[in-house]
$ cat model.csv   # CSV, C-alpha atoms
chain,number,residue,atom,x,y,z
E,1,MET,CA,0.0,0.0,0.0
E,2,ILE,CA,1.3,3.5,-0.9
E,3,ALA,CA,0.7,6.1,1.8
E,4,VAL,CA,1.7,9.7,2.8
E,5,THR,CA,2.8,10.9,6.2
E,6,GLU,CA,2.8,14.6,7.0
E,7,LEU,CA,5.6,16.1,9.0
E,8,THR,CA,4.7,19.5,10.4
E,9,THR,CA,7.3,20.1,13.1
E,10,PHE,CA,11.0,20.4,13.0
E,11,ASP,CA,11.4,17.6,15.5
E,12,GLU,CA,9.5,15.2,13.3
E,13,LEU,CA,11.6,16.3,10.4
E,14,ALA,CA,14.8,15.7,12.4
E,15,ASN,CA,13.8,12.1,12.9
E,16,LEU,CA,13.7,11.7,9.1
E,17,ARG,CA,17.2,12.9,8.5
E,18,VAL,CA,18.8,9.5,7.9
E,19,THR,CA,16.0,8.5,5.5
E,20,TRP,CA,16.3,11.9,3.8
E,21,ARG,CA,20.0,11.5,3.3
E,22,GLU,CA,19.6,8.0,1.8
E,23,LEU,CA,16.9,9.2,-0.6
E,24,TRP,CA,18.9,12.3,-1.5
E,25,GLU,CA,21.8,10.1,-2.6
E,26,LYS,CA,19.5,8.3,-5.0
E,27,THR,CA,17.8,11.5,-6.4
E,28,PRO,CA,18.4,12.0,-10.1
E,29,ASN,CA,20.3,15.2,-10.9
E,30,ALA,CA,20.2,16.1,-7.2
E,31,SER,CA,21.5,19.4,-5.8
E,32,PHE,CA,22.8,20.2,-2.3
E,33,VAL,CA,19.8,22.4,-1.7
E,34,GLN,CA,17.7,19.3,-1.8
E,35,SER,CA,19.6,17.7,1.1
E,36,TRP,CA,18.5,17.4,4.7
E,37,ASP,CA,21.3,19.6,5.8
E,38,TRP,CA,20.1,22.4,3.6
E,39,MET,CA,16.6,22.0,4.8
E,40,ARG,CA,17.8,22.3,8.4
E,41,SER,CA,19.7,25.5,7.7
E,42,TYR,CA,16.8,26.9,5.7
E,43,TRP,CA,14.4,26.3,8.6
E,44,ARG,CA,16.8,28.0,11.0
E,45,ALA,CA,16.9,31.1,8.7
E,46,TYR,CA,13.3,31.3,7.6
E,47,GLY,CA,11.3,29.1,9.9
E,48,ASP,CA,10.1,31.9,12.2
E,49,ASN,CA,7.4,33.0,9.7
E,50,GLN,CA,6.6,29.8,7.8
E,51,GLU,CA,4.8,26.5,8.5
E,52,LEU,CA,6.3,23.1,7.7
E,53,ARG,CA,4.4,20.6,5.6
E,54,THR,CA,6.8,17.9,4.4
E,55,LEU,CA,5.3,14.8,2.9
E,56,LEU,CA,6.9,11.4,3.2
E,57,VAL,CA,5.7,8.8,0.7
E,58,THR,CA,6.0,5.1,1.6
E,59,LEU,CA,5.3,1.9,-0.2
E,60,ARG,CA,4.5,-1.0,2.2
E,61,THR,CA,6.1,1.2,5.0
E,62,ARG,CA,9.3,1.6,2.9
E,63,PRO,CA,10.1,5.2,2.1
E,64,ILE,CA,10.3,5.9,-1.6
E,65,GLY,CA,10.3,9.7,-1.7
E,66,ILE,CA,9.9,13.1,0.1
E,67,VAL,CA,8.2,16.2,-1.1
E,68,PRO,CA,9.4,19.1,1.1
E,69,LEU,CA,6.8,21.9,1.3
E,70,VAL,CA,6.2,25.0,3.5
E,71,THR,CA,3.4,27.5,3.8
E,72,ARG,CA,4.2,31.2,3.8
E,73,GLN,CA,2.2,34.4,3.6
E,74,VAL,CA,2.5,36.6,0.5
E,75,SER,CA,1.0,40.0,0.8
E,76,THR,CA,-1.3,41.4,-1.9
E,77,ALA,CA,-3.5,44.5,-2.2
E,78,LEU,CA,-6.4,42.3,-1.1
E,79,GLY,CA,-4.7,40.8,1.9
E,80,ASN,CA,-2.3,37.9,2.5
E,81,ALA,CA,-2.3,34.8,0.3
E,82,SER,CA,-1.3,31.6,2.0
E,83,VAL,CA,1.1,30.0,-0.4
E,84,LEU,CA,2.2,26.3,-0.3
E,85,THR,CA,5.6,26.1,-1.9
E,86,TRP,CA,9.1,24.7,-1.9
E,87,PRO,CA,11.4,25.5,1.0
E,88,THR,CA,14.0,27.1,-1.2
E,89,ASN,CA,15.3,30.4,-2.6
E,90,SER,CA,16.8,31.0,-6.0
E,91,PHE,CA,20.2,29.6,-5.1
E,92,VAL,CA,20.2,27.0,-7.9
E,93,PRO,CA,18.1,26.4,-11.1
E,94,PHE,CA,16.1,23.4,-10.1
E,95,TYR,CA,14.2,21.9,-7.1
E,96,GLY,CA,11.8,19.0,-6.7
E,97,ALA,CA,11.0,15.7,-5.0
E,98,ILE,CA,13.6,13.8,-3.1
E,99,GLY,CA,14.2,10.1,-4.0
E,100,PRO,CA,14.6,7.8,-7.0
E,101,ASN,CA,10.9,7.6,-7.8
E,102,PRO,CA,9.8,11.2,-8.6
E,103,ALA,CA,6.6,10.4,-10.6
E,104,ALA,CA,5.1,8.1,-8.0
E,105,THR,CA,6.3,10.4,-5.2
E,106,LEU,CA,4.8,13.6,-6.7
E,107,SER,CA,1.5,12.1,-7.8
E,108,THR,CA,1.0,10.4,-4.4
E,109,ALA,CA,1.9,13.6,-2.5
E,110,PHE,CA,-0.2,16.0,-4.5
E,111,SER,CA,-3.2,13.6,-4.5
E,112,HIS,CA,-2.9,13.8,-0.7
E,113,VAL,CA,-2.6,17.6,-0.7
E,114,SER,CA,-5.8,17.9,-2.8
E,115,LYS,CA,-7.8,15.6,-0.6
E,116,THR,CA,-6.9,17.0,2.8
E,117,ARG,CA,-8.0,20.2,4.5
E,118,ARG,CA,-6.5,23.2,2.8
E,119,HIS,CA,-4.7,25.7,4.9
E,120,TRP,CA,-3.5,27.4,1.7
E,121,ASN,CA,-5.2,29.2,-1.2
E,122,ALA,CA,-2.3,29.2,-3.6
E,123,LEU,CA,0.2,26.6,-4.7
E,124,GLU,CA,3.4,27.8,-6.3
E,125,LEU,CA,6.2,25.5,-7.5
E,126,PRO,CA,9.1,27.4,-9.1
E,127,GLN,CA,12.4,25.9,-10.3
E,128,ILE,CA,10.9,23.0,-12.2
E,129,ASP,CA,13.2,21.3,-14.7
E,130,GLU,CA,10.4,20.9,-17.2
E,131,PHE,CA,12.8,20.5,-20.2
E,132,GLY,CA,15.1,18.1,-18.4
E,133,HIS,CA,14.9,15.5,-15.6
E,134,ASP,CA,11.4,16.5,-14.5
E,135,ASN,CA,10.0,15.7,-17.9
E,136,PHE,CA,6.5,16.9,-16.9
E,137,ARG,CA,6.3,14.7,-13.8
E,138,THR,CA,5.4,17.6,-11.6
E,139,LYS,CA,2.8,19.1,-14.0
E,140,ASN,CA,1.1,15.7,-14.6
E,141,ALA,CA,1.1,15.0,-10.8
E,142,LEU,CA,-0.8,18.2,-10.3
E,143,ARG,CA,-3.2,17.4,-13.1
E,144,ASN,CA,-3.8,13.9,-11.7
E,145,ALA,CA,-4.6,15.5,-8.3
E,146,ARG,CA,-7.1,17.9,-9.9
E,147,LEU,CA,-4.9,20.8,-9.1
E,148,LYS,CA,-4.9,22.4,-12.6
E,149,PRO,CA,-1.4,24.0,-13.0
E,150,CYS,CA,-0.6,27.1,-14.9
E,151,ARG,CA,2.8,28.0,-16.2
E,152,ASN,CA,3.3,31.4,-14.7
E,153,GLY,CA,7.0,32.0,-14.9
E,154,ALA,CA,10.4,31.0,-16.5
E,155,VAL,CA,14.0,31.7,-15.5
E,156,GLN,CA,16.9,31.2,-17.9
E,157,HIS,CA,20.3,30.4,-16.4
E,158,PRO,CA,23.5,30.8,-18.4
E,159,VAL,CA,25.6,27.6,-18.4
E,160,VAL,CA,29.0,26.5,-19.5
E,161,GLU,CA,28.9,22.9,-20.8
E,162,MET,CA,32.3,21.2,-20.6
E,163,LEU,CA,31.8,18.6,-23.2
E,164,ASP,CA,35.3,18.9,-24.8
E,165,ASN,CA,38.6,20.2,-23.7
E,166,TRP,CA,39.7,23.7,-22.8
E,167,ASP,CA,41.5,24.4,-26.0
E,168,ASN,CA,38.6,23.4,-28.2
E,169,TYR,CA,36.2,25.3,-26.0
E,170,MET,CA,38.2,28.5,-26.3
E,171,GLY,CA,38.5,27.9,-30.0
E,172,GLN,CA,34.7,28.0,-30.2
E,173,ARG,CA,34.6,31.4,-28.5
E,174,ASN,CA,34.3,34.3,-30.8
E,175,LEU,CA,37.3,36.6,-31.3
E,176,SER,CA,35.9,39.4,-29.1
E,177,SER,CA,35.4,36.9,-26.2
E,178,ARG,CA,38.9,35.6,-26.4
E,179,MET,CA,40.3,39.1,-26.6
E,180,GLU,CA,38.2,40.2,-23.6
E,181,PHE,CA,39.9,37.4,-21.5
E,182,VAL,CA,43.4,38.4,-22.8
E,183,GLN,CA,42.7,42.1,-22.0
E,184,ALA,CA,41.3,41.2,-18.6
E,185,GLU,CA,44.5,39.3,-17.7
E,186,LYS,CA,46.6,42.4,-18.7
E,187,HIS,CA,44.4,44.7,-16.7
E,188,VAL,CA,44.6,42.7,-13.5
E,189,SER,CA,48.4,42.2,-13.9
E,190,HIS,CA,48.8,46.0,-13.6
E,191,PHE,CA,47.8,45.7,-9.9
E,192,GLY,CA,50.5,43.1,-9.1
E,193,PRO,CA,51.2,39.4,-9.3
E,194,VAL,CA,48.0,37.3,-9.9
E,195,SER,CA,47.3,33.8,-8.6
E,196,PHE,CA,44.2,31.5,-8.7
E,197,HIS,CA,43.3,29.2,-5.8
E,198,ARG,CA,40.6,26.6,-5.7
E,199,TRP,CA,39.5,24.8,-2.5
E,200,ARG,CA,37.4,21.7,-3.1
E,201,PRO,CA,37.1,19.4,-0.1
E,202,GLU,CA,36.0,15.8,-0.8
E,203,GLY,CA,34.1,15.6,2.5
E,204,GLY,CA,33.8,13.4,5.6
E,205,LYS,CA,34.0,10.1,3.7
E,206,VAL,CA,37.7,10.8,3.1
E,207,GLY,CA,38.4,12.9,6.2
E,208,GLU,CA,38.4,16.3,4.5
E,209,THR,CA,36.3,18.3,7.0
E,210,ASP,CA,38.3,21.5,7.5
E,211,ARG,CA,35.7,24.2,7.4
E,212,ARG,CA,38.1,26.8,6.1
E,213,TRP,CA,36.3,29.7,7.8
E,214,ASP,CA,39.2,31.9,6.7
E,215,LEU,CA,38.0,31.5,3.2
E,216,PHE,CA,34.4,32.1,4.2
E,217,ARG,CA,35.5,35.3,5.8
E,218,VAL,CA,37.1,36.3,2.5
E,219,PHE,CA,33.8,35.6,0.8
E,220,GLU,CA,32.0,37.8,3.4
E,221,ALA,CA,34.5,40.6,2.9
E,222,ILE,CA,34.2,40.6,-0.9
E,223,HIS,CA,30.5,40.3,-0.6
E,224,ARG,CA,30.4,43.5,1.5
E,225,ASP,CA,32.6,45.3,-1.1
E,226,THR,CA,30.7,44.1,-4.2
E,227,ASN,CA,28.0,46.0,-6.1
E,228,SER,CA,24.9,46.4,-3.9
E,229,ARG,CA,22.7,45.1,-6.7
E,230,LEU,CA,24.5,41.7,-6.7
E,231,ARG,CA,24.7,41.2,-2.9
E,232,ARG,CA,22.8,38.4,-1.2
E,233,PRO,CA,20.1,39.4,1.4
E,234,ASP,CA,21.2,39.0,5.0
E,235,ARG,CA,19.0,35.9,5.6
E,236,GLU,CA,20.5,34.1,2.6
E,237,LEU,CA,23.9,34.8,3.8
E,238,ALA,CA,22.9,33.4,7.2
E,239,LEU,CA,21.6,30.3,5.5
E,240,MET,CA,24.8,29.8,3.5
E,241,LYS,CA,26.9,30.2,6.6
E,242,ASP,CA,24.8,27.8,8.6
E,243,ALA,CA,24.9,25.2,5.8
E,244,HIS,CA,28.6,25.6,5.1
E,245,PRO,CA,29.9,22.9,7.5
E,246,ALA,CA,27.4,20.3,6.2
E,247,ALA,CA,28.3,21.2,2.6
E,248,VAL,CA,32.0,20.6,3.5
E,249,ASP,CA,31.2,17.3,5.1
E,250,ALA,CA,29.2,16.2,2.0
E,251,GLY,CA,31.9,17.3,-0.4
E,252,ALA,CA,29.3,19.5,-2.0
E,253,VAL,CA,31.1,22.9,-1.9
E,254,GLU,CA,34.0,24.7,-3.4
E,255,PHE,CA,35.6,28.2,-3.1
E,256,CYS,CA,37.6,29.9,-5.8
E,257,THR,CA,39.6,33.0,-5.3
E,258,LEU,CA,41.8,35.3,-7.4
E,259,THR,CA,44.4,37.1,-5.4
E,260,VAL,CA,46.4,40.2,-6.5
E,261,SER,CA,49.7,40.8,-4.7
E,262,GLY,CA,48.4,38.3,-2.1
E,263,ARG,CA,45.1,40.1,-1.5
E,264,PRO,CA,41.8,38.4,-2.4
E,265,ALA,CA,40.3,40.4,-5.2
E,266,ALA,CA,37.4,38.2,-6.5
E,267,CYS,CA,35.8,35.0,-5.5
E,268,ALA,CA,33.2,32.4,-6.5
E,269,TYR,CA,31.3,30.1,-4.1
E,270,ASN,CA,29.8,27.0,-5.8
E,271,TYR,CA,27.8,24.0,-4.8
E,272,ARG,CA,28.7,20.8,-6.6
E,273,LYS,CA,27.6,17.2,-7.1
E,274,ASP,CA,28.5,14.5,-9.6
E,275,GLY,CA,30.6,16.9,-11.7
E,276,ARG,CA,27.9,19.6,-11.9
E,277,LEU,CA,28.6,23.0,-10.4
E,278,GLU,CA,26.0,25.5,-9.4
E,279,ASN,CA,27.4,29.0,-8.8
E,280,VAL,CA,25.9,30.6,-5.6
E,281,PHE,CA,27.9,33.8,-5.6
E,282,LEU,CA,30.3,35.8,-7.8
E,283,GLY,CA,32.0,38.8,-6.2
E,284,VAL,CA,34.7,41.2,-7.0
E,285,ARG,CA,36.2,44.2,-5.0
E,286,GLU,CA,35.0,47.3,-6.8
E,287,GLU,CA,38.5,48.8,-6.8
E,288,TYR,CA,39.7,46.0,-9.2
E,289,GLY,CA,36.8,46.2,-11.6
E,290,GLU,CA,34.8,43.6,-13.5
E,291,ALA,CA,37.8,42.6,-15.6
E,292,THR,CA,39.1,40.9,-12.5
E,293,LEU,CA,36.0,38.8,-12.4
E,294,THR,CA,36.4,37.9,-16.1
E,295,CYS,CA,39.9,36.7,-15.2
E,296,LEU,CA,38.7,34.6,-12.2
E,297,LEU,CA,36.0,32.9,-14.4
E,298,GLY,CA,38.6,32.1,-17.1
E,299,TYR,CA,41.0,30.5,-14.6
E,300,MET,CA,38.1,28.7,-12.8
E,301,LEU,CA,36.7,27.2,-16.1
E,302,ARG,CA,40.1,26.2,-17.3
E,303,ASP,CA,40.7,24.4,-14.1
E,304,SER,CA,37.3,22.7,-14.3
E,305,PHE,CA,38.0,21.4,-17.7
E,306,MET,CA,41.2,19.8,-16.3
E,307,ARG,CA,39.2,18.3,-13.5
E,308,ASP,CA,36.7,16.8,-15.9
E,309,ASP,CA,33.7,18.8,-14.5
E,310,THR,CA,30.7,18.5,-16.7
E,311,SER,CA,28.9,21.9,-16.4
E,312,ILE,CA,28.5,25.0,-14.3
E,313,ALA,CA,25.2,27.0,-14.1
E,314,PHE,CA,25.1,30.6,-13.1
E,315,HIS,CA,22.4,32.8,-11.7
E,316,PRO,CA,20.4,35.0,-14.2
E,317,ARG,CA,21.5,38.2,-12.3
E,318,ASP,CA,25.1,37.4,-13.5
E,319,GLU,CA,24.2,36.8,-17.1
E,320,ARG,CA,26.0,39.9,-18.3
E,321,ARG,CA,29.1,39.1,-16.3
E,322,VAL,CA,29.4,35.6,-17.7
E,323,THR,CA,28.4,36.3,-21.3
E,324,THR,CA,32.0,35.8,-22.4
E,325,TRP,CA,31.9,32.2,-21.3
E,326,GLY,CA,28.4,30.8,-21.6
E,327,ASN,CA,27.9,28.3,-24.4
E,328,SER,CA,24.4,27.0,-23.3
E,329,SER,CA,21.5,27.8,-21.0
E,330,ILE,CA,18.9,26.0,-19.0
E,331,THR,CA,15.3,27.1,-18.2
E,332,SER,CA,13.3,26.5,-15.1
E,333,ILE,CA,9.6,26.8,-15.2
E,334,ALA,CA,7.2,27.9,-12.4
E,335,TYR,CA,3.9,26.2,-11.9
E,336,GLY,CA,1.0,27.7,-10.0
E,337,HIS,CA,-2.5,26.8,-8.8
E,338,TYR,CA,-4.8,29.4,-7.3
E,339,ALA,CA,-8.1,29.0,-5.5
E,340,LYS,CA,-10.8,30.5,-7.6
E,341,LEU,CA,-12.8,31.9,-4.6
E,342,SER,CA,-9.8,33.6,-3.0
E,343,PRO,CA,-9.5,37.3,-4.2
E,344,ALA,CA,-5.9,37.4,-2.7
E,345,ALA,CA,-4.9,34.3,-4.6
E,346,GLN,CA,-6.3,35.4,-7.8
E,347,LEU,CA,-4.6,38.8,-7.5
E,348,LEU,CA,-1.3,36.9,-6.8
E,349,ARG,CA,-1.9,34.8,-10.0
E,350,ARG,CA,-2.4,37.9,-12.1
E,351,ARG,CA,0.8,39.4,-10.6
E,352,ARG,CA,2.8,36.3,-11.4
E,353,VAL,CA,1.5,36.3,-15.0
E,354,ALA,CA,2.3,40.0,-15.4
E,355,ASP,CA,5.8,39.5,-14.1
E,356,ALA,CA,6.5,36.3,-16.1
E,357,GLY,CA,7.5,37.8,-19.4
E,358,GLU,CA,8.0,35.4,-22.3
E,359,ILE,CA,7.6,31.7,-21.3
E,360,PRO,CA,9.0,29.0,-23.6
E,361,ALA,CA,6.4,27.0,-25.4
E,362,GLU,CA,5.6,23.5,-24.1
E,363,ARG,CA,7.0,20.5,-25.8
E,364,GLN,CA,6.1,16.9,-25.8
E,365,PRO,CA,7.5,14.7,-22.9
E,366,VAL,CA,10.7,12.8,-23.8
E,367,GLU,CA,10.3,9.1,-23.9
E,368,VAL,CA,12.9,7.6,-21.6
E,369,ALA,CA,13.2,4.5,-19.6
E,370,SER,CA,11.5,4.8,-16.2
E,371,ASP,CA,12.6,3.5,-12.8
E,372,ASP,CA,9.4,4.8,-11.2
E,373,GLN,CA,7.3,1.8,-12.0
E,374,ALA,CA,10.1,-0.6,-10.8
E,375,ALA,CA,9.5,0.6,-7.3
E,376,VAL,CA,5.7,1.0,-7.5
E,377,SER,CA,3.6,-1.8,-9.0
E,378,ALA,CA,0.9,-0.9,-11.4
E,379,SER,CA,-1.9,-2.0,-9.0
E,380,GLU,CA,-0.5,0.4,-6.3
E,381,SER,CA,0.6,3.3,-8.5
E,382,PRO,CA,-1.3,6.5,-8.1
E,383,LEU,CA,-0.5,7.4,-11.7
E,384,LYS,CA,-4.0,7.2,-13.3
E,385,VAL,CA,-3.6,9.6,-16.2
E,386,TYR,CA,0.2,9.7,-16.9
E,387,SER,CA,2.5,6.8,-16.3
E,388,GLY,CA,5.3,9.0,-17.7
E,389,ALA,CA,9.0,8.7,-17.9
$ encode --input "model.csv" --output "structure tokens"
Amino acid sequence: MIAVTELTTFDELANLRVTWRELWEKTPNASFVQSWDWMRSYWRAYGDNQELRTLLVTLRTRPIGIVPLVTRQVSTALGNASVLTWPTNSFVPFYGAIGPNPAATLSTAFSHVSKTRRHWNALELPQIDEFGHDNFRTKNALRNARLKPCRNGAVQHPVVEMLDNWDNYMGQRNLSSRMEFVQAEKHVSHFGPVSFHRWRPEGGKVGETDRRWDLFRVFEAIHRDTNSRLRRPDRELALMKDAHPAAVDAGAVEFCTLTVSGRPAACAYNYRKDGRLENVFLGVREEYGEATLTCLLGYMLRDSFMRDDTSIAFHPRDERRVTTWGNSSITSIAYGHYAKLSPAAQLLRRRRVADAGEIPAERQPVEVASDDQAAVSASESPLKVYSGA
């Protein structure tokens, strides 16, 4: 029998940490922000004005997936809308269910949400990898649960795909991009000797657990000195700092610095898993200029090619800063469902649509081999409309 258990207190969630970590390790295309440790830090930073509603999906008492959700209040001109959503900020491109069986997990969880008493009047699920690993699982789970979803937003992230070697990659850059890197190196060298450093701990499994708070303090100093438009809010910084030790233990973090005459001038803080990098912060001291950041990115990418990394995704706010390097992009889609009889929810829906801009057209689901049905038999599967990939 497939069933759902709701976890609404942090103590209940803490009892799930071992199971969460096991399922996270099996999650396709997982990110550190989907880990238990991130959830713990998120709740410490944001839990004072939100309510937990994490859903554990089990099959014959065996956990097969987790859907982390929170309820938060979003103000509108017609009062607050109570929004059920992911416990995440825009740190990384994608978010979703935890575990190796996303279709079964999502369909079971949202069927439960639709049938239980509603303490929310809007459901918003941003950061959906509709064109990739999600492959319409989330959208069809909502449809199956009679929670008609609307696509009310899209965010495009610049990406560097490392499919070849550094020389071939640079050969594919246009002349102006290559010259920009050369000129950036010359510009930075005028300030003094330049060196690049990368700290990438492999985690507790191999005994690399030094927190390197000295580097984190470098990050904080550069963050204070960087352009105000590109700074992280205080709560996000508190979240990053709280999650840092766990990220080190998981081997899920790295820190890159460019020093000039021995002084840190620019830095990058990245999360990583299975060769994929997700840039969380790019910063440069204003006195050195953006050319210093171009130089840092060039050295970081060259080193990543040598380490056989596969890709690095950047935040949209940094698109102009990484345009020299990007050779691809990924798009995350936001889904929403809004109670028809709630004026605040309907006003929020109109706001999201107005802010959405151009949303990429839908495409057909990709036919791929599924592991969802291997864990959930046909007689017990909640997938009535879409058996999906």
$ atom_distance --input "model.csv" --atom1 "atom CA of E:Val155" --atom2 "atom CA of E:Pro316"
7.3 Å
$ atom_distance --input "model.csv" --atom1 "atom CA of E:Pro245" --atom2 "atom CA of E:Asn279"
17.6 Å
$ closest_residue --input "model.csv" --among "E:Leu215, E:Ala345, E:Val194, E:Leu237" --to "E:Thr292" --atoms "all atoms listed in the file"
E:Val194
$ closest_residue --input "model.csv" --among "E:Gly336, E:Glu208, E:Val280, E:Arg17" --to "E:Thr85" --atoms "all atoms listed in the file"
E:Gly336
$ residues_near_point --input "model.csv" --point "(24.3, 32.1, -10.7)" --cutoff "8 Å" --atoms "all atoms listed in the file" --output "ChimeraX atom specification"
/E:91-92,157-158,278-282,313-319
$ write_last_selection --input "model.csv" --atoms "C-alpha atoms" --output "PDB file, keeping the file's coordinate frame"
ATOM      1  CA  PHE E  91      20.200  29.600  -5.100  1.00  0.00           C
ATOM      2  CA  VAL E  92      20.200  27.000  -7.900  1.00  0.00           C
ATOM      3  CA  HIS E 157      20.300  30.400 -16.400  1.00  0.00           C
ATOM      4  CA  PRO E 158      23.500  30.800 -18.400  1.00  0.00           C
ATOM      5  CA  GLU E 278      26.000  25.500  -9.400  1.00  0.00           C
ATOM      6  CA  ASN E 279      27.400  29.000  -8.800  1.00  0.00           C
ATOM      7  CA  VAL E 280      25.900  30.600  -5.600  1.00  0.00           C
ATOM      8  CA  PHE E 281      27.900  33.800  -5.600  1.00  0.00           C
ATOM      9  CA  LEU E 282      30.300  35.800  -7.800  1.00  0.00           C
ATOM     10  CA  ALA E 313      25.200  27.000 -14.100  1.00  0.00           C
ATOM     11  CA  PHE E 314      25.100  30.600 -13.100  1.00  0.00           C
ATOM     12  CA  HIS E 315      22.400  32.800 -11.700  1.00  0.00           C
ATOM     13  CA  PRO E 316      20.400  35.000 -14.200  1.00  0.00           C
ATOM     14  CA  ARG E 317      21.500  38.200 -12.300  1.00  0.00           C
ATOM     15  CA  ASP E 318      25.100  37.400 -13.500  1.00  0.00           C
ATOM     16  CA  GLU E 319      24.200  36.800 -17.100  1.00  0.00           C
TER      17      GLU E 319
END
$ closest_residue --input "model.csv" --among "E:Arg173, E:Lys26, E:Arg72, E:Arg198" --to "E:Tyr46" --atoms "all atoms listed in the file"
E:Arg72
$ atom_distance --input "model.csv" --atom1 "atom CA of E:Ser311" --atom2 "atom CA of E:Gly298"
14.1 Å
$ closest_residue --input "model.csv" --among "E:Trp166, E:Trp213, E:Phe110, E:Tyr335" --to "E:Met306" --atoms "all atoms listed in the file"
E:Trp166
$ residues_near_point --input "model.csv" --point "(39.8, 34.2, -17.6)" --cutoff "12 Å" --atoms "only C-alpha atoms" --output "number ranges by chain"
E: 166, 170, 177-188, 194-196, 258, 290-303, 321-322, 324-325
$ axis_aligned_box --input "model.csv" --around "stretch 250-255 of chain E" --padding-each-side "8 Å" --output "JSON"
{"center_x": 32.4, "center_y": 22.2, "center_z": -0.7, "size_x": 22.4, "size_y": 28.0, "size_z": 21.4}
$ residues_around --input "model.csv" --residues "E:Glu236" --least-positions-apart "4" --cutoff "10 Å" --atoms "all atoms listed in the file" --output "MDAnalysis selection string"
chainID E and resid 42 45:46 89:91 231:232 240:242
$ residues_around --input "model.csv" --residues "E:Leu341" --least-positions-apart "3" --cutoff "12 Å" --atoms "all atoms listed in the file" --output "list in words"
Ala81, Asn121, Ala122, Tyr338, Ala344, Ala345, Gln346 and Leu347 of chain E
$ decode --input "model.csv" --residues "stretch 229-276 of chain E" --atoms "C-alpha atoms" --output "PDB file, in the first residue's frame"
ATOM      1  CA  ARG E 229      22.665  45.081  -6.696  1.00  0.00           C
ATOM      2  CA  LEU E 230      24.491  41.749  -6.657  1.00  0.00           C
ATOM      3  CA  ARG E 231      24.657  41.187  -2.902  1.00  0.00           C
ATOM      4  CA  ARG E 232      22.759  38.398  -1.186  1.00  0.00           C
ATOM      5  CA  PRO E 233      20.094  39.367   1.399  1.00  0.00           C
ATOM      6  CA  ASP E 234      21.153  38.967   5.032  1.00  0.00           C
ATOM      7  CA  ARG E 235      18.987  35.878   5.584  1.00  0.00           C
ATOM      8  CA  GLU E 236      20.450  34.147   2.555  1.00  0.00           C
ATOM      9  CA  LEU E 237      23.944  34.834   3.842  1.00  0.00           C
ATOM     10  CA  ALA E 238      22.949  33.422   7.230  1.00  0.00           C
ATOM     11  CA  LEU E 239      21.583  30.330   5.490  1.00  0.00           C
ATOM     12  CA  MET E 240      24.784  29.829   3.480  1.00  0.00           C
ATOM     13  CA  LYS E 241      26.923  30.197   6.584  1.00  0.00           C
ATOM     14  CA  ASP E 242      24.807  27.777   8.596  1.00  0.00           C
ATOM     15  CA  ALA E 243      24.857  25.192   5.765  1.00  0.00           C
ATOM     16  CA  HIS E 244      28.590  25.576   5.074  1.00  0.00           C
ATOM     17  CA  PRO E 245      29.869  22.906   7.524  1.00  0.00           C
ATOM     18  CA  ALA E 246      27.408  20.325   6.191  1.00  0.00           C
ATOM     19  CA  ALA E 247      28.324  21.221   2.600  1.00  0.00           C
ATOM     20  CA  VAL E 248      31.988  20.617   3.463  1.00  0.00           C
ATOM     21  CA  ASP E 249      31.199  17.253   5.081  1.00  0.00           C
ATOM     22  CA  ALA E 250      29.172  16.225   2.021  1.00  0.00           C
ATOM     23  CA  GLY E 251      31.925  17.259  -0.389  1.00  0.00           C
ATOM     24  CA  ALA E 252      29.331  19.546  -1.976  1.00  0.00           C
ATOM     25  CA  VAL E 253      31.058  22.928  -1.905  1.00  0.00           C
ATOM     26  CA  GLU E 254      34.041  24.719  -3.381  1.00  0.00           C
ATOM     27  CA  PHE E 255      35.577  28.159  -3.115  1.00  0.00           C
ATOM     28  CA  CYS E 256      37.608  29.887  -5.849  1.00  0.00           C
ATOM     29  CA  THR E 257      39.646  33.041  -5.306  1.00  0.00           C
ATOM     30  CA  LEU E 258      41.753  35.316  -7.450  1.00  0.00           C
ATOM     31  CA  THR E 259      44.413  37.119  -5.442  1.00  0.00           C
ATOM     32  CA  VAL E 260      46.390  40.155  -6.540  1.00  0.00           C
ATOM     33  CA  SER E 261      49.667  40.775  -4.696  1.00  0.00           C
ATOM     34  CA  GLY E 262      48.440  38.259  -2.145  1.00  0.00           C
ATOM     35  CA  ARG E 263      45.141  40.085  -1.510  1.00  0.00           C
ATOM     36  CA  PRO E 264      41.823  38.391  -2.439  1.00  0.00           C
ATOM     37  CA  ALA E 265      40.273  40.425  -5.250  1.00  0.00           C
ATOM     38  CA  ALA E 266      37.444  38.207  -6.549  1.00  0.00           C
ATOM     39  CA  CYS E 267      35.751  34.990  -5.494  1.00  0.00           C
ATOM     40  CA  ALA E 268      33.220  32.351  -6.490  1.00  0.00           C
ATOM     41  CA  TYR E 269      31.274  30.130  -4.078  1.00  0.00           C
ATOM     42  CA  ASN E 270      29.844  27.023  -5.768  1.00  0.00           C
ATOM     43  CA  TYR E 271      27.814  23.967  -4.816  1.00  0.00           C
ATOM     44  CA  ARG E 272      28.738  20.753  -6.614  1.00  0.00           C
ATOM     45  CA  LYS E 273      27.564  17.193  -7.120  1.00  0.00           C
ATOM     46  CA  ASP E 274      28.511  14.508  -9.638  1.00  0.00           C
ATOM     47  CA  GLY E 275      30.635  16.900 -11.695  1.00  0.00           C
ATOM     48  CA  ARG E 276      27.903  19.557 -11.923  1.00  0.00           C
TER      49      ARG E 276
END
